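Here's the structure, in structure tokens; my notes come after.
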Amino acid sequence: MSRLLPDLAPWRSSRDFRLLWCAGVVTIFGSFLTIVALPVQLKELTGSTLAVGAIGAVELVPLIVFGLYGGALADALDRRKLILYTEAALALLSVGLLANTLLPHPMVWPLYAVAALSSALIGLQRPALDAIVPRIVPHDQLTAAAALNALRWQIGAIAGPSLAGVLIAFAGLPWAYGIDIATYAVSVVLTLGLRPSPAAHDADKPSLRSIAEGARYAWSRKELLGTYAIDLAAMFFAFPTAIFPFLADDLHAPWSLGLMYAAGTVGALAVSVTSGWSSRVHHHGRMVALAAAAWGVAMSVAGWMHNVWLVLLFLAVAGGCDMVSGIFRGTMWNQTIPDELRGRLAGIELLSFSVGPQLGQVRVGGMAALTSVRTSIWSGGLACVAAVGLLAAALPKLMSYDARTNEHAARMRDGKATEAEPVA
């Protein structure tokens, strides 16, 4: 049984990992309060579903643009400082939301402005958060660190929305924004305790050229390219959260809507708390592909089921499969990408898991309008399986990847490479 429990080695060996993990738990919890409160407030102010849905539209472009630039910054600046400054800026945005809410007549435009600015700041911060982990965790503990970081997110993703609904209903929106501000304050204090994480003395300055260099390196590494492509395919074809309200109605169980949104996270949490086995897997590419295919199968079955509890079960199974894929994607990236390119590659990673779900929402909604809710879900799941199969066949380096023998992993493990090989 102990072999299934999460591997806590990164917690024991790295003080900075402990600080970063705790800061992340606090921030994610508070952020989910605002993630729930913002659309609720827009609904109250406008009464328009279109106005609420527009939040996603204003968030997408800043995330893409600043995610790529944030990757270049993470390779050129002190990563600790970048995390700290963006965290403080996000806190100020929450202060703005609270101030607007306390007005006699709260305004709508600040909600969109904060959504866009928050997305830009997350784009700047996330690559640095990802890129700093291999510096503070030993190479052989990176799989365990990926699982623990996923567990951190899941704790916040379950606890935050659960409290938000009750808090907003009984105490009001200002309390949600106020608690979010307090969590940012705690996170900033914890981040101040991290050791400096400066860039290399010869690091490239942030520029389009440096971003392009990162893209060329990603293209030259077909096993990395495969992880990005498979994640995009899985999210594009089999991410049906946009039509969960319609699925709940189709099942004559509108009460199940909240459970549908939570089911995937519950499944992912189950994988995280039993993730001890993951450190003993070496063929990470195969696990990424198998887990993504299993995600598609689980979504298809959820679309076929007519019993709401079976639908919830298979949504949870899908979430667990996505978690397995995420653990091994993260391990491959952290174990093989040279330090001076980690930020830029993390920016590309940010695009792969943010653009896919956004486009997936468009696909599932359009398909549902043309066919039906259920057909949109189960056909998307099958398309996901087919796409993953084609990508696996087209990218043999992904399927043959072995952490014990891969040349890039070996150089990082032995500490022999401080610079990436030139890319033609």
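Each chain of the structure tokens is named A, B, ... in the order shown, its residues numbered from 1; ligands are numbered from 1 in display order.
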List the spatial neighbours of Ala157 (chain A) as a ChimeraX atom specification - criterion: any atom at most 12 Å away, only C-alpha atoms, same-chain residues fewer than 4 positions off excluded.
/A:24-36,150-153,161-164,261-266,268-269
Leaving out Phe17 (chain A) and any residue of its chain fewer than 2 positions from it, which residues lie within 9 Å of it when counting only C-alpha atoms, given as an NGL selection string?
:A and (10-11 or 13-15 or 19-22 or 133 or 136-137 or 145 or 194)
Which residues of region 87-151 of chain A come within 8 Å of region 182-187 of chain A, and for each one, what is the closest pair of atoms and their distance in Å to one decimal, counting only C-alpha atoms, sorted by chain and residue number, as a tab-separated table?
residue	atom	partner	partner_atom	distance
A:Glu87	CA	A:Tyr184	CA	6.9
A:Ala88	CA	A:Tyr184	CA	7.2
A:Leu90	CA	A:Tyr184	CA	7.8
A:Ala91	CA	A:Tyr184	CA	5.6
Dump all heavy atoms for the selected residues as an mmCIF file, in the first residue's frame?
data_model
loop_
_atom_site.group_PDB
_atom_site.id
_atom_site.type_symbol
_atom_site.label_atom_id
_atom_site.label_comp_id
_atom_site.auth_asym_id
_atom_site.auth_seq_id
_atom_site.Cartn_x
_atom_site.Cartn_y
_atom_site.Cartn_z
ATOM 1 N N GLU A 87 2.939 37.749 -8.663
ATOM 2 C CA GLU A 87 2.023 37.391 -7.578
ATOM 3 C C GLU A 87 1.509 38.654 -6.889
ATOM 4 O O GLU A 87 0.299 38.772 -6.597
ATOM 5 C CB GLU A 87 2.731 36.492 -6.569
ATOM 6 C CG GLU A 87 1.816 35.777 -5.606
ATOM 7 C CD GLU A 87 1.135 34.562 -6.218
ATOM 8 O OE1 GLU A 87 1.218 34.364 -7.454
ATOM 9 O OE2 GLU A 87 0.506 33.811 -5.463
ATOM 10 N N ALA A 88 2.388 39.606 -6.654
ATOM 11 C CA ALA A 88 1.973 40.864 -6.033
ATOM 12 C C ALA A 88 1.029 41.640 -6.950
ATOM 13 O O ALA A 88 0.046 42.245 -6.488
ATOM 14 C CB ALA A 88 3.203 41.706 -5.710
ATOM 15 N N LEU A 90 -1.018 40.349 -9.183
ATOM 16 C CA LEU A 90 -2.309 39.661 -9.160
ATOM 17 C C LEU A 90 -3.101 40.039 -7.906
ATOM 18 O O LEU A 90 -4.334 40.186 -7.946
ATOM 19 C CB LEU A 90 -2.094 38.147 -9.217
ATOM 20 C CG LEU A 90 -1.695 37.593 -10.584
ATOM 21 C CD1 LEU A 90 -1.136 36.173 -10.443
ATOM 22 C CD2 LEU A 90 -2.890 37.590 -11.534
ATOM 23 N N ALA A 91 -2.399 40.226 -6.791
ATOM 24 C CA ALA A 91 -3.066 40.662 -5.564
ATOM 25 C C ALA A 91 -3.697 42.038 -5.747
ATOM 26 O O ALA A 91 -4.828 42.290 -5.299
ATOM 27 C CB ALA A 91 -2.069 40.688 -4.407
#
Got a sec: who's within 12 Å of Trp309 (chain A), counting only C-alpha atoms, leaving out chain neighbours fewer than 5 positions off, as a ChimeraX atom specification?
/A:248,251,253,255-257,259-260,263,302,314-316
Counting only C-alpha atoms, the residue of A:Ala54, A:Ala242, A:Leu351, A:Ala393 that sits nearest Gly365 (chain A)
A:Ala242
12 Å contact set for region 104-106 of chain A, only C-alpha atoms, chain neighbours under 4 positions out, as a ChimeraX atom specification
/A:41-42,44-46,96-100,110-111,173-174
Just the residues within 8 Å of region 368-383 of chain A, please, counting only C-alpha atoms, with nothing from its chain fewer than 2 positions along; format it as a list in words.
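My reading of the contact set: Phe237, Ala238, Pro240, Ile243, Phe246, Leu247, Trp295, Gly296, Val297, Ala298, Met299, Ser300, Val301, Ala302, Gly303, Trp304, Val364, Gly365, Gly366, Val385, Ala386 and Ala387 of chain A.
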If we count only C-alpha atoms, what is near Ala9 (chain A) at a cut-off of 12 Å, once residues fewer than 3 positions away on the same chain are taken out, given as a list in words?
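Within the cut-off, the hits are Leu5, Pro6, Arg12, Ser13, Ser14, Arg15, Phe17, Arg18, Val137, Pro138, His139, Asp140, Gln141, Leu142, Thr143, Ala144, Ala145, Ala146, Ala147, Leu148, Gly276 and Ser279 of chain A.
Using only C-alpha atoms, the shortest contact distance between Asp231 (chain A) and any of A:Trp277, A:Phe328, A:Tyr177, A:Phe170 is found at A:Phe328.
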Give me the residues near Asp78 (chain A) as a VMD selection string, where near means some atom within 8 Å (using only C-alpha atoms) and where sequence neighbours in that chain fewer than 6 positions away do not count.
chain A and resid 196 to 199
Select, from A:Glu407, A:Glu340, A:Glu59, A:Asp75, the residue with the minimum atom-to-atom distance to Val114 (chain A), counting only C-alpha atoms.
A:Glu59
Nearest candidate to Tyr228 (chain A) (options A:Gly156, A:Gly360, A:Gly285, A:Gly70; using only C-alpha atoms)
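Of the candidates, the smallest distance to Tyr228 (chain A) is held by A:Gly285.
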